[in-house]
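Below is one structure; the comments refer to it alone.
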Amino acid sequence: MIKVENLTKRFGRHTAVANATFEVGKGEVVGFLGPNGAGKTTTIRMLTGFLPPSSGAASVDGFDVFRKSIDARRRIGYLPESVPLYRDMRVREYLKFRGQIKGLQGERLRMRMEEVVERCGLQGVRRKMIKTLSKGFRQRVGLADALIHDPPLLVLDEPTNGLDPNQIRSIRNLIKQLGDNHTILLSTHILSEVEMICDKIIIIDGGRIMASDTPSNLVNQMRAAGKITVELKADPEKVRAALSQLAHIKKVTNEKSSEGWEHFSVLVQSGTDARERISSLCQENRWPLRSLYRHDSTLEDVFVELTRKD
Amino acid sequence: MRNFFTIFCKELRGFFLSPFGWVVLTLVTIMQGWSMSGAMKALQDAPIPESLVYIVFHMPQFWFYFLVIFPLITMRLFSEEERVGTLETLLTAPVQTWQLVFGKYFATLGFYVILWIPAFIQFQLFSILTDVPAPFSSGSLFGAFLLIFLMGSLFIAIGCLASSLTSSQIIAGVVTTGLLFIHYFLGYLTVIYSDRFAAAPVIRYIASNEHLRYFSKGLIDSRAIVYYLTAAAFFLFLTHHVINRRRWRS
């Protein structure tokens, strides 16, 4: 659905996006992650035809976003980050204008308006001025606008930004539903959101694509996957020596001791599990073992790992 | 074409759905009435060889309010969209830039034409209310209104350009006012220095007060018509390219 090849955008000397290459298949819900200023919005603006790329190419449904811009734009429903709306218009009026401008008319326009109003929960505010609406409702109006021409691709730039937890939940549910029959590119930096909604993740930092995979694959590949915490009662030096002898162990550190219990954190190679061997080691040496815990790596670890600056 | 029409309707309605359009309409109507009554008083005081139309459009008040109309009605056209961010939603919808520029331009021109309806009615009222045959010919009335329309088409295009250059309404308004005042005072160069400098014919060709003198006597000069329409087209072309600058910059 989206094909991006070596997309680059420079603003003067600053390179906002450098050689980005990725693909989004039909029907996929893709999370587009990155810290603030990573180049998410710039990439999205190039995809939607608002900014031209400095070099490289992008296409939507086979239409080049620069050369066949109008055809590409017809297939995209775009919700910009700041949700720009005409404050002096009523919700109905705004949606009608947006529908007309996207090529709908007559009966079809009326039907689509009814459908998006219902889908986005706007029945109660149809006749209200947009400037009187709360942030949550404005976000829904923006989403309704993105949906009105029934585009196969939705591009949502931080759709839950600045909402309260209830509103975030309802927008998230809405996006989840939409994911059943739309391709969605969802930019955000709320990781739990991505874990809940997305089939695939693209992580961008400093204008470069750092990773592009499913959430579970990303998590499994991470270093953090191999951390085990052990709590036992024994001489720390002996324990450290014994643990270091085991296979696949990278590093053993004695973190603290309290009331005779020694806390160790053990780094193992990813994709291995040393818990069984550690427990039998304790049995052999008759060391009382209080806890043996393997840390599940989270998407947050992946994100921090890929995008931290130090 | 449909997109052009959609934007045209939305913009034109926009003038009347906010207090802004009504305030401008009221202000302009009052000023038109003031120059009308001033002109009638001038006719009463002393015999003047010119028609009422000529005097109305040569009252000092005329240029004073006439030049203020344009920054008022054009300053928010593009700068407001840019500031609020709606330019992004407009240009990422399947809308071509020229449809947007023409839609906004012609809507503003439409509103401008509406602004002149009160003045037209005032001229018609003269004979009805005073029972005296109107002291002007229909030709001079037609000529004057034609030139008002032509000047409007150029000055609104200049306002569109200024508005597309910035996201601040104030700056757009100030730039438009500045350009229009320069254009206006250029016309006085030939009055001050007569024709004794090389650029005098050019200045005469572009000076609006010169045109107004002919047109409000009923002399319709086709050179002026060509001048205003091509200059308006040129400024719209520039506006189109400024809006599209994103597409070719960098």
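In the structure tokens, each chain is lettered A, B, ... as it comes, each chain's residues begin at 1, and ligands are numbered from 1 in order of appearance.
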
| request: Enumerate as JSON, numbers by chain the residues belonging to chain B that approach chain A to within 9 Å, with only C-alpha atoms taken into account. | output: {"B": [2, 3, 4, 6, 7, 10, 14, 17, 18, 81, 84, 85, 86, 87, 88, 89, 90, 91, 92, 93, 94, 95, 96, 246, 247, 248, 249, 250]}

Save out the residues we just selected, N, CA and C atoms, as a PDB file, in the first residue's frame.
```pdb
ATOM      1  N   ARG B   2     -15.293  21.461 -10.052  1.00  0.00           N
ATOM      2  CA  ARG B   2     -16.186  21.341  -8.902  1.00  0.00           C
ATOM      3  C   ARG B   2     -15.507  21.802  -7.629  1.00  0.00           C
ATOM      4  N   ASN B   3     -14.203  21.456  -7.517  1.00  0.00           N
ATOM      5  CA  ASN B   3     -13.476  21.889  -6.333  1.00  0.00           C
ATOM      6  C   ASN B   3     -13.387  23.402  -6.256  1.00  0.00           C
ATOM      7  N   PHE B   4     -13.170  24.015  -7.432  1.00  0.00           N
ATOM      8  CA  PHE B   4     -13.130  25.470  -7.477  1.00  0.00           C
ATOM      9  C   PHE B   4     -14.435  26.029  -6.944  1.00  0.00           C
ATOM     10  N   THR B   6     -16.687  24.590  -5.020  1.00  0.00           N
ATOM     11  CA  THR B   6     -16.858  24.303  -3.583  1.00  0.00           C
ATOM     12  C   THR B   6     -16.123  25.344  -2.746  1.00  0.00           C
ATOM     13  N   ILE B   7     -14.867  25.609  -3.128  1.00  0.00           N
ATOM     14  CA  ILE B   7     -14.074  26.568  -2.352  1.00  0.00           C
ATOM     15  C   ILE B   7     -14.644  27.972  -2.500  1.00  0.00           C
ATOM     16  N   LYS B  10     -17.695  28.256  -0.269  1.00  0.00           N
ATOM     17  CA  LYS B  10     -17.336  28.267   1.148  1.00  0.00           C
ATOM     18  C   LYS B  10     -16.756  29.620   1.548  1.00  0.00           C
ATOM     19  N   GLY B  14     -18.340  32.430   3.888  1.00  0.00           N
ATOM     20  CA  GLY B  14     -17.539  32.795   5.046  1.00  0.00           C
ATOM     21  C   GLY B  14     -17.591  34.284   5.350  1.00  0.00           C
ATOM     22  N   LEU B  17     -20.978  34.713   7.143  1.00  0.00           N
ATOM     23  CA  LEU B  17     -21.275  33.925   8.333  1.00  0.00           C
ATOM     24  C   LEU B  17     -20.504  34.430   9.545  1.00  0.00           C
ATOM     25  N   SER B  18     -19.612  35.402   9.325  1.00  0.00           N
ATOM     26  CA  SER B  18     -18.918  35.967  10.484  1.00  0.00           C
ATOM     27  C   SER B  18     -19.249  37.457  10.521  1.00  0.00           C
ATOM     28  N   GLU B  81      -5.128  30.406   6.922  1.00  0.00           N
ATOM     29  CA  GLU B  81      -5.063  28.959   6.676  1.00  0.00           C
ATOM     30  C   GLU B  81      -3.692  28.420   7.080  1.00  0.00           C
ATOM     31  N   VAL B  84      -3.423  28.525  11.101  1.00  0.00           N
ATOM     32  CA  VAL B  84      -4.212  27.498  11.784  1.00  0.00           C
ATOM     33  C   VAL B  84      -3.773  26.101  11.371  1.00  0.00           C
ATOM     34  N   GLY B  85      -3.187  25.997  10.178  1.00  0.00           N
ATOM     35  CA  GLY B  85      -2.725  24.686   9.721  1.00  0.00           C
ATOM     36  C   GLY B  85      -3.676  24.035   8.739  1.00  0.00           C
ATOM     37  N   THR B  86      -4.792  24.721   8.430  1.00  0.00           N
ATOM     38  CA  THR B  86      -5.767  24.118   7.525  1.00  0.00           C
ATOM     39  C   THR B  86      -5.257  24.073   6.092  1.00  0.00           C
ATOM     40  N   LEU B  87      -4.186  24.842   5.809  1.00  0.00           N
ATOM     41  CA  LEU B  87      -3.589  24.745   4.478  1.00  0.00           C
ATOM     42  C   LEU B  87      -3.100  23.314   4.248  1.00  0.00           C
ATOM     43  N   GLU B  88      -2.648  22.695   5.327  1.00  0.00           N
ATOM     44  CA  GLU B  88      -2.161  21.322   5.212  1.00  0.00           C
ATOM     45  C   GLU B  88      -3.299  20.364   4.859  1.00  0.00           C
ATOM     46  N   THR B  89      -4.441  20.525   5.525  1.00  0.00           N
ATOM     47  CA  THR B  89      -5.553  19.621   5.200  1.00  0.00           C
ATOM     48  C   THR B  89      -6.106  19.917   3.810  1.00  0.00           C
ATOM     49  N   LEU B  90      -6.044  21.184   3.398  1.00  0.00           N
ATOM     50  CA  LEU B  90      -6.537  21.520   2.059  1.00  0.00           C
ATOM     51  C   LEU B  90      -5.629  20.944   0.983  1.00  0.00           C
ATOM     52  N   LEU B  91      -4.321  21.105   1.169  1.00  0.00           N
ATOM     53  CA  LEU B  91      -3.396  20.691   0.113  1.00  0.00           C
ATOM     54  C   LEU B  91      -3.063  19.211   0.175  1.00  0.00           C
ATOM     55  N   THR B  92      -3.555  18.502   1.199  1.00  0.00           N
ATOM     56  CA  THR B  92      -3.402  17.053   1.183  1.00  0.00           C
ATOM     57  C   THR B  92      -4.711  16.383   0.769  1.00  0.00           C
ATOM     58  N   ALA B  93      -5.755  17.191   0.564  1.00  0.00           N
ATOM     59  CA  ALA B  93      -6.968  16.681  -0.074  1.00  0.00           C
ATOM     60  C   ALA B  93      -6.735  16.761  -1.582  1.00  0.00           C
ATOM     61  N   PRO B  94      -7.504  15.999  -2.354  1.00  0.00           N
ATOM     62  CA  PRO B  94      -7.255  16.055  -3.801  1.00  0.00           C
ATOM     63  C   PRO B  94      -7.701  17.374  -4.430  1.00  0.00           C
ATOM     64  N   VAL B  95      -7.052  18.444  -4.039  1.00  0.00           N
ATOM     65  CA  VAL B  95      -7.374  19.772  -4.552  1.00  0.00           C
ATOM     66  C   VAL B  95      -6.125  20.320  -5.219  1.00  0.00           C
ATOM     67  N   GLN B  96      -6.289  20.855  -6.433  1.00  0.00           N
ATOM     68  CA  GLN B  96      -5.129  21.451  -7.073  1.00  0.00           C
ATOM     69  C   GLN B  96      -4.955  22.876  -6.568  1.00  0.00           C
ATOM     70  N   ARG B 246       6.543  25.063  -1.620  1.00  0.00           N
ATOM     71  CA  ARG B 246       6.922  23.829  -0.958  1.00  0.00           C
ATOM     72  C   ARG B 246       7.316  22.761  -1.962  1.00  0.00           C
ATOM     73  N   ARG B 247       6.631  22.807  -3.102  1.00  0.00           N
ATOM     74  CA  ARG B 247       6.821  21.725  -4.054  1.00  0.00           C
ATOM     75  C   ARG B 247       8.117  21.860  -4.830  1.00  0.00           C
ATOM     76  N   TRP B 248       8.633  23.082  -4.973  1.00  0.00           N
ATOM     77  CA  TRP B 248       9.895  23.149  -5.707  1.00  0.00           C
ATOM     78  C   TRP B 248      11.063  23.617  -4.867  1.00  0.00           C
ATOM     79  N   ARG B 249      10.775  24.085  -3.633  1.00  0.00           N
ATOM     80  CA  ARG B 249      11.893  24.498  -2.776  1.00  0.00           C
ATOM     81  C   ARG B 249      12.686  23.262  -2.356  1.00  0.00           C
ATOM     82  N   SER B 250      13.949  23.418  -2.230  1.00  0.00           N
ATOM     83  CA  SER B 250      14.925  22.384  -1.856  1.00  0.00           C
ATOM     84  C   SER B 250      14.963  21.189  -2.816  1.00  0.00           C
TER      85      SER B 250
END
```

| request: Would you please extract all helix (DSSP H, G or I) residues from range 43-179 of chain B, as assigned by DSSP on the backbone, and give them as JSON, numbers by chain? | output: {"B": [43, 44, 45, 52, 53, 54, 55, 56, 60, 61, 62, 63, 64, 65, 66, 67, 68, 69, 70, 71, 72, 73, 74, 79, 80, 81, 82, 83, 84, 86, 87, 88, 89, 90, 91, 97, 98, 99, 100, 101, 102, 103, 104, 105, 106, 107, 108, 109, 110, 111, 112, 113, 114, 115, 117, 118, 119, 120, 121, 122, 123, 124, 125, 126, 127, 128, 129, 130, 138, 139, 140, 141, 142, 143, 144, 145, 146, 147, 148, 149, 150, 151, 152, 153, 154, 155, 156, 157, 158, 159, 160, 161, 162, 163, 164, 165, 169, 170, 171, 172, 173, 174, 175, 176, 177, 178, 179]}

Residues from the last selection, C-alpha atoms, saved as a CSV table (one decimal), in the first residue's frame:
```csv
chain,number,residue,atom,x,y,z
B,43,LEU,CA,-22.6,70.7,-6.5
B,44,GLN,CA,-24.9,72.8,-4.4
B,45,ASP,CA,-22.2,75.3,-3.4
B,52,LEU,CA,-22.0,63.7,-10.1
B,53,VAL,CA,-20.3,60.4,-10.7
B,54,TYR,CA,-17.1,62.2,-11.5
B,55,ILE,CA,-17.2,64.3,-8.4
B,56,VAL,CA,-18.1,61.3,-6.1
B,60,PRO,CA,-10.7,63.1,-1.1
B,61,GLN,CA,-12.6,60.5,0.9
B,62,PHE,CA,-12.8,58.1,-2.0
B,63,TRP,CA,-9.2,56.9,-2.1
B,64,PHE,CA,-9.1,57.0,1.7
B,65,TYR,CA,-11.6,54.3,2.1
B,66,PHE,CA,-11.2,52.6,-1.2
B,67,LEU,CA,-7.6,51.6,-0.6
B,68,VAL,CA,-8.4,50.3,2.9
B,69,ILE,CA,-11.0,47.8,1.6
B,70,PHE,CA,-8.4,45.6,0.0
B,71,PRO,CA,-6.1,44.8,3.0
B,72,LEU,CA,-9.3,44.2,5.0
B,73,ILE,CA,-10.8,41.6,2.7
B,74,THR,CA,-7.7,39.9,1.5
B,79,SER,CA,-2.3,33.6,6.0
B,80,GLU,CA,-5.1,32.4,8.3
B,81,GLU,CA,-5.1,29.0,6.7
B,82,GLU,CA,-1.3,28.8,7.1
B,83,ARG,CA,-1.4,29.9,10.7
B,84,VAL,CA,-4.2,27.5,11.8
B,86,THR,CA,-5.8,24.1,7.5
B,87,LEU,CA,-3.6,24.7,4.5
B,88,GLU,CA,-2.2,21.3,5.2
B,89,THR,CA,-5.6,19.6,5.2
B,90,LEU,CA,-6.5,21.5,2.1
B,91,LEU,CA,-3.4,20.7,0.1
B,97,THR,CA,-3.4,24.6,-6.0
B,98,TRP,CA,-5.0,26.7,-8.8
B,99,GLN,CA,-8.5,25.6,-7.7
B,100,LEU,CA,-7.7,26.9,-4.2
B,101,VAL,CA,-6.2,30.2,-5.4
B,102,PHE,CA,-9.0,30.9,-7.9
B,103,GLY,CA,-11.7,29.8,-5.5
B,104,LYS,CA,-10.5,32.2,-2.9
B,105,TYR,CA,-9.7,35.0,-5.4
B,106,PHE,CA,-13.1,35.0,-7.1
B,107,ALA,CA,-15.0,34.6,-3.8
B,108,THR,CA,-13.3,37.8,-2.6
B,109,LEU,CA,-13.9,39.5,-5.9
B,110,GLY,CA,-17.6,38.5,-5.5
B,111,PHE,CA,-17.7,40.0,-2.0
B,112,TYR,CA,-16.1,43.1,-3.4
B,113,VAL,CA,-18.7,43.4,-6.1
B,114,ILE,CA,-21.4,43.1,-3.4
B,115,LEU,CA,-19.7,46.0,-1.5
B,117,ILE,CA,-24.2,47.6,-4.5
B,118,PRO,CA,-25.0,50.3,-1.9
B,119,ALA,CA,-23.1,52.9,-4.0
B,120,PHE,CA,-25.0,51.9,-7.1
B,121,ILE,CA,-28.3,52.1,-5.2
B,122,GLN,CA,-27.3,55.6,-3.9
B,123,PHE,CA,-26.8,56.8,-7.5
B,124,GLN,CA,-30.2,55.4,-8.5
B,125,LEU,CA,-31.9,57.0,-5.4
B,126,PHE,CA,-30.7,60.5,-6.4
B,127,SER,CA,-33.4,61.0,-9.1
B,128,ILE,CA,-36.0,59.1,-7.2
B,129,LEU,CA,-35.7,61.1,-4.0
B,130,THR,CA,-34.9,64.6,-5.4
B,138,SER,CA,-25.4,56.4,-17.7
B,139,GLY,CA,-22.2,56.0,-19.6
B,140,SER,CA,-20.1,57.7,-16.9
B,141,LEU,CA,-21.8,55.6,-14.2
B,142,PHE,CA,-21.0,52.4,-16.2
B,143,GLY,CA,-17.4,53.6,-16.9
B,144,ALA,CA,-16.8,54.4,-13.2
B,145,PHE,CA,-18.2,51.1,-12.0
B,146,LEU,CA,-16.3,49.2,-14.7
B,147,LEU,CA,-13.0,50.8,-13.5
B,148,ILE,CA,-13.9,50.1,-9.8
B,149,PHE,CA,-14.3,46.4,-10.8
B,150,LEU,CA,-11.0,46.4,-12.8
B,151,MET,CA,-9.1,48.0,-10.0
B,152,GLY,CA,-10.6,45.6,-7.5
B,153,SER,CA,-9.6,42.6,-9.6
B,154,LEU,CA,-6.0,43.8,-9.6
B,155,PHE,CA,-5.8,45.0,-6.0
B,156,ILE,CA,-7.4,41.8,-4.7
B,157,ALA,CA,-4.8,39.8,-6.6
B,158,ILE,CA,-2.1,41.9,-4.9
B,159,GLY,CA,-3.7,41.2,-1.6
B,160,CYS,CA,-3.8,37.5,-2.3
B,161,LEU,CA,-0.1,37.5,-3.0
B,162,ALA,CA,0.7,39.4,0.2
B,163,SER,CA,-1.5,37.0,2.2
B,164,SER,CA,0.2,33.9,0.7
B,165,LEU,CA,3.6,35.2,1.7
B,169,GLN,CA,-2.7,38.6,8.9
B,170,ILE,CA,-1.2,41.9,10.1
B,171,ILE,CA,1.9,41.6,8.0
B,172,ALA,CA,-0.2,40.6,5.0
B,173,GLY,CA,-2.5,43.6,5.5
B,174,VAL,CA,0.5,46.0,6.0
B,175,VAL,CA,2.2,44.8,2.8
B,176,THR,CA,-1.0,45.1,0.8
B,177,THR,CA,-1.6,48.6,2.1
B,178,GLY,CA,2.0,49.6,1.3
B,179,LEU,CA,1.9,48.2,-2.2
```

| CA of Val29 in chain A and CA of Asp164 in chain A are how many Å apart? | 23.3 Å

| request: Name the residues in contact with Tyr205 in chain B at a cut-off of 8 Å, using only C-alpha atoms, excluding same-chain residues fewer than 3 positions from it; report them as a VMD selection string. | output: chain B and resid 201 to 202 224

Could you dump the residues just selected with C-alpha atoms as a PDB file, in the first residue's frame?
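This went into result.pdb:
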```pdb
ATOM      1  CA  PRO B 201       4.402  57.357 -20.277  1.00  0.00           C
ATOM      2  CA  VAL B 202       4.761  54.148 -18.256  1.00  0.00           C
ATOM      3  CA  ALA B 224      -6.530  50.057 -19.058  1.00  0.00           C
TER       4      ALA B 224
END
```

| request: Just give me the gap between CA of Ile44 in chain A and CA of Glu305 in chain A in Å, one decimal is fine. | output: 23.8 Å

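Taking CA of Glu115 in chain A as the reference point, CA of Gly31 in chain A is found at 25.9 Å.
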
| query | Which residues come within 10 Å of Cys120 in chain A, counting only C-alpha atoms, excluding same-chain residues fewer than 3 positions away, as number ranges by chain? | reply | A: 115-117, 123, 137, 139-145, 147, 170-171, 174

Using only N, CA and C atoms, please write the residues we just selected to a file, as a compact mmCIF listing (two decimals), in the first residue's frame.
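So the final result, stored in part.txt, reads:
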```
# COMPACT_ATOMS: atom_id res chain seq x y z
N GLU A 115 -22.52 8.11 8.00
CA GLU A 115 -21.74 6.99 8.49
C GLU A 115 -20.58 7.45 9.38
N VAL A 116 -19.83 8.48 8.93
CA VAL A 116 -18.68 8.90 9.74
C VAL A 116 -19.12 9.58 11.04
N VAL A 117 -20.25 10.27 10.98
CA VAL A 117 -20.76 10.90 12.20
C VAL A 117 -21.08 9.83 13.24
N GLN A 123 -22.82 12.26 16.85
CA GLN A 123 -24.25 12.56 16.69
C GLN A 123 -24.68 13.77 17.52
N PHE A 137 -13.44 15.85 21.11
CA PHE A 137 -14.38 15.90 19.99
C PHE A 137 -13.73 16.44 18.73
N GLN A 139 -10.70 16.00 17.90
CA GLN A 139 -9.94 14.89 17.36
C GLN A 139 -10.87 13.97 16.55
N ARG A 140 -12.08 13.77 17.08
CA ARG A 140 -13.02 12.91 16.36
C ARG A 140 -13.48 13.55 15.06
N VAL A 141 -13.65 14.87 15.09
CA VAL A 141 -14.05 15.56 13.86
C VAL A 141 -12.93 15.40 12.82
N GLY A 142 -11.69 15.55 13.28
CA GLY A 142 -10.55 15.36 12.38
C GLY A 142 -10.53 13.96 11.80
N LEU A 143 -10.82 12.99 12.64
CA LEU A 143 -10.84 11.60 12.20
C LEU A 143 -11.98 11.36 11.21
N ALA A 144 -13.13 11.98 11.51
CA ALA A 144 -14.28 11.85 10.61
C ALA A 144 -13.93 12.44 9.25
N ASP A 145 -13.20 13.55 9.26
CA ASP A 145 -12.77 14.17 8.01
C ASP A 145 -11.84 13.22 7.24
N LEU A 147 -11.87 10.10 7.31
CA LEU A 147 -12.60 8.91 6.86
C LEU A 147 -13.64 9.19 5.79
N SER A 170 -11.18 5.67 23.90
CA SER A 170 -12.22 5.57 22.88
C SER A 170 -11.64 5.78 21.49
N ILE A 171 -10.68 6.70 21.35
CA ILE A 171 -10.05 6.88 20.03
C ILE A 171 -9.31 5.61 19.64
N LEU A 174 -11.59 3.02 18.45
CA LEU A 174 -12.06 3.38 17.11
C LEU A 174 -11.01 2.98 16.07
```

| message | Applying 8 Å and only C-alpha atoms, which residues near range 180-193 of chain B remain after dropping the ones on its own chain fewer than 6 positions away? List them as a ChimeraX atom specification. | response | /B:67,155,200,203-204,206-210

Using the selection just defined, write its residues with N, CA and C atoms as a PDB file, in the first residue's frame.
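Contents of result01.pdb, as written:
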```
ATOM      1  N   LEU B  67      -8.829  52.366  -0.701  1.00  0.00           N
ATOM      2  CA  LEU B  67      -7.593  51.597  -0.564  1.00  0.00           C
ATOM      3  C   LEU B  67      -7.571  50.754   0.714  1.00  0.00           C
ATOM      4  N   PHE B 155      -6.228  44.751  -7.388  1.00  0.00           N
ATOM      5  CA  PHE B 155      -5.803  44.971  -6.004  1.00  0.00           C
ATOM      6  C   PHE B 155      -6.075  43.748  -5.132  1.00  0.00           C
ATOM      7  N   ALA B 200       7.616  58.748 -17.691  1.00  0.00           N
ATOM      8  CA  ALA B 200       6.285  59.332 -17.581  1.00  0.00           C
ATOM      9  C   ALA B 200       5.197  58.542 -18.333  1.00  0.00           C
ATOM     10  N   ILE B 203       4.258  55.496 -16.327  1.00  0.00           N
ATOM     11  CA  ILE B 203       3.502  55.870 -15.133  1.00  0.00           C
ATOM     12  C   ILE B 203       2.064  56.218 -15.514  1.00  0.00           C
ATOM     13  N   ARG B 204       1.922  56.942 -16.585  1.00  0.00           N
ATOM     14  CA  ARG B 204       0.571  57.290 -17.038  1.00  0.00           C
ATOM     15  C   ARG B 204      -0.242  56.047 -17.358  1.00  0.00           C
ATOM     16  N   ILE B 206       0.031  53.065 -16.002  1.00  0.00           N
ATOM     17  CA  ILE B 206      -0.391  52.241 -14.870  1.00  0.00           C
ATOM     18  C   ILE B 206      -1.143  53.029 -13.800  1.00  0.00           C
ATOM     19  N   ALA B 207      -1.174  54.369 -13.890  1.00  0.00           N
ATOM     20  CA  ALA B 207      -1.724  55.152 -12.781  1.00  0.00           C
ATOM     21  C   ALA B 207      -3.245  55.066 -12.726  1.00  0.00           C
ATOM     22  N   SER B 208      -3.755  54.662 -11.554  1.00  0.00           N
ATOM     23  CA  SER B 208      -5.197  54.460 -11.437  1.00  0.00           C
ATOM     24  C   SER B 208      -5.974  55.770 -11.426  1.00  0.00           C
ATOM     25  N   ASN B 209      -5.395  56.844 -10.844  1.00  0.00           N
ATOM     26  CA  ASN B 209      -6.181  58.087 -10.799  1.00  0.00           C
ATOM     27  C   ASN B 209      -6.367  58.677 -12.201  1.00  0.00           C
ATOM     28  N   GLU B 210      -5.388  58.408 -13.049  1.00  0.00           N
ATOM     29  CA  GLU B 210      -5.506  58.807 -14.454  1.00  0.00           C
ATOM     30  C   GLU B 210      -6.671  58.060 -15.117  1.00  0.00           C
TER      31      GLU B 210
END
```

| message | According to DSSP computed on the backbone, where in range 81-274 of chain A is there strand (DSSP E)? Give the residues as a PyMOL selection string. | response | chain A and resi 153-157+183-188+200-205+208-213+227-232+249-258+261-268

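Residue nearest Leu186 in chain A within the list A:Asn19, A:Asn36, A:Asn217, A:Thr41: A:Thr41 [criterion: smallest interatomic distance, only C-alpha atoms].
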
| message | Neighbouring residues of range 175-184 of chain A were defined as those with any atom within 10 Å, considering only C-alpha atoms; residues of the same chain fewer than 2 positions away were excluded. Please report them as number ranges by chain. | response | A: 1-2, 24-31, 76-77, 119, 143, 147, 150-156, 159, 169-173, 186-187, 196-199

Print the selection's residues with C-alpha atoms to a file, as a CSV table (one decimal), in the first residue's frame.
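File written: again36.csv
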```csv
chain,number,residue,atom,x,y,z
A,1,MET,CA,0.0,0.0,0.0
A,2,ILE,CA,2.8,2.4,0.9
A,24,VAL,CA,3.4,-1.1,4.4
A,25,GLY,CA,1.3,-3.9,3.1
A,26,LYS,CA,-2.4,-3.8,2.4
A,27,GLY,CA,-4.5,-4.1,5.5
A,28,GLU,CA,-1.6,-3.7,7.9
A,29,VAL,CA,-1.8,-1.5,11.0
A,30,VAL,CA,1.7,-0.1,11.4
A,31,GLY,CA,3.0,1.9,14.3
A,76,ILE,CA,-5.3,8.8,1.8
A,77,GLY,CA,-7.2,9.9,4.8
A,119,ARG,CA,-18.7,5.9,13.6
A,143,LEU,CA,-10.8,11.6,12.2
A,147,LEU,CA,-12.6,8.9,6.9
A,150,ASP,CA,-13.7,6.1,2.5
A,151,PRO,CA,-9.9,5.9,1.8
A,152,PRO,CA,-8.1,2.6,1.9
A,153,LEU,CA,-5.2,4.2,3.7
A,154,LEU,CA,-5.4,6.2,6.9
A,155,VAL,CA,-2.4,8.2,8.0
A,156,LEU,CA,-2.8,9.4,11.6
A,159,PRO,CA,-4.1,10.9,17.1
A,169,ARG,CA,-9.3,4.7,25.1
A,170,SER,CA,-12.2,5.6,22.9
A,171,ILE,CA,-10.0,6.9,20.0
A,172,ARG,CA,-7.9,3.8,20.4
A,173,ASN,CA,-10.9,1.5,20.1
A,186,LEU,CA,-0.2,5.5,13.0
A,187,SER,CA,2.5,7.8,14.3
A,196,MET,CA,-2.3,-2.9,21.6
A,197,ILE,CA,-3.1,-1.9,18.1
A,198,CYS,CA,-0.3,-2.5,15.7
A,199,ASP,CA,0.8,-5.5,13.6
```

| Counting only C-alpha atoms, which of A:Thr298, A:Asn254, A:Thr160, A:Asn6 gets nearest to Leu218 in chain A? | A:Thr298
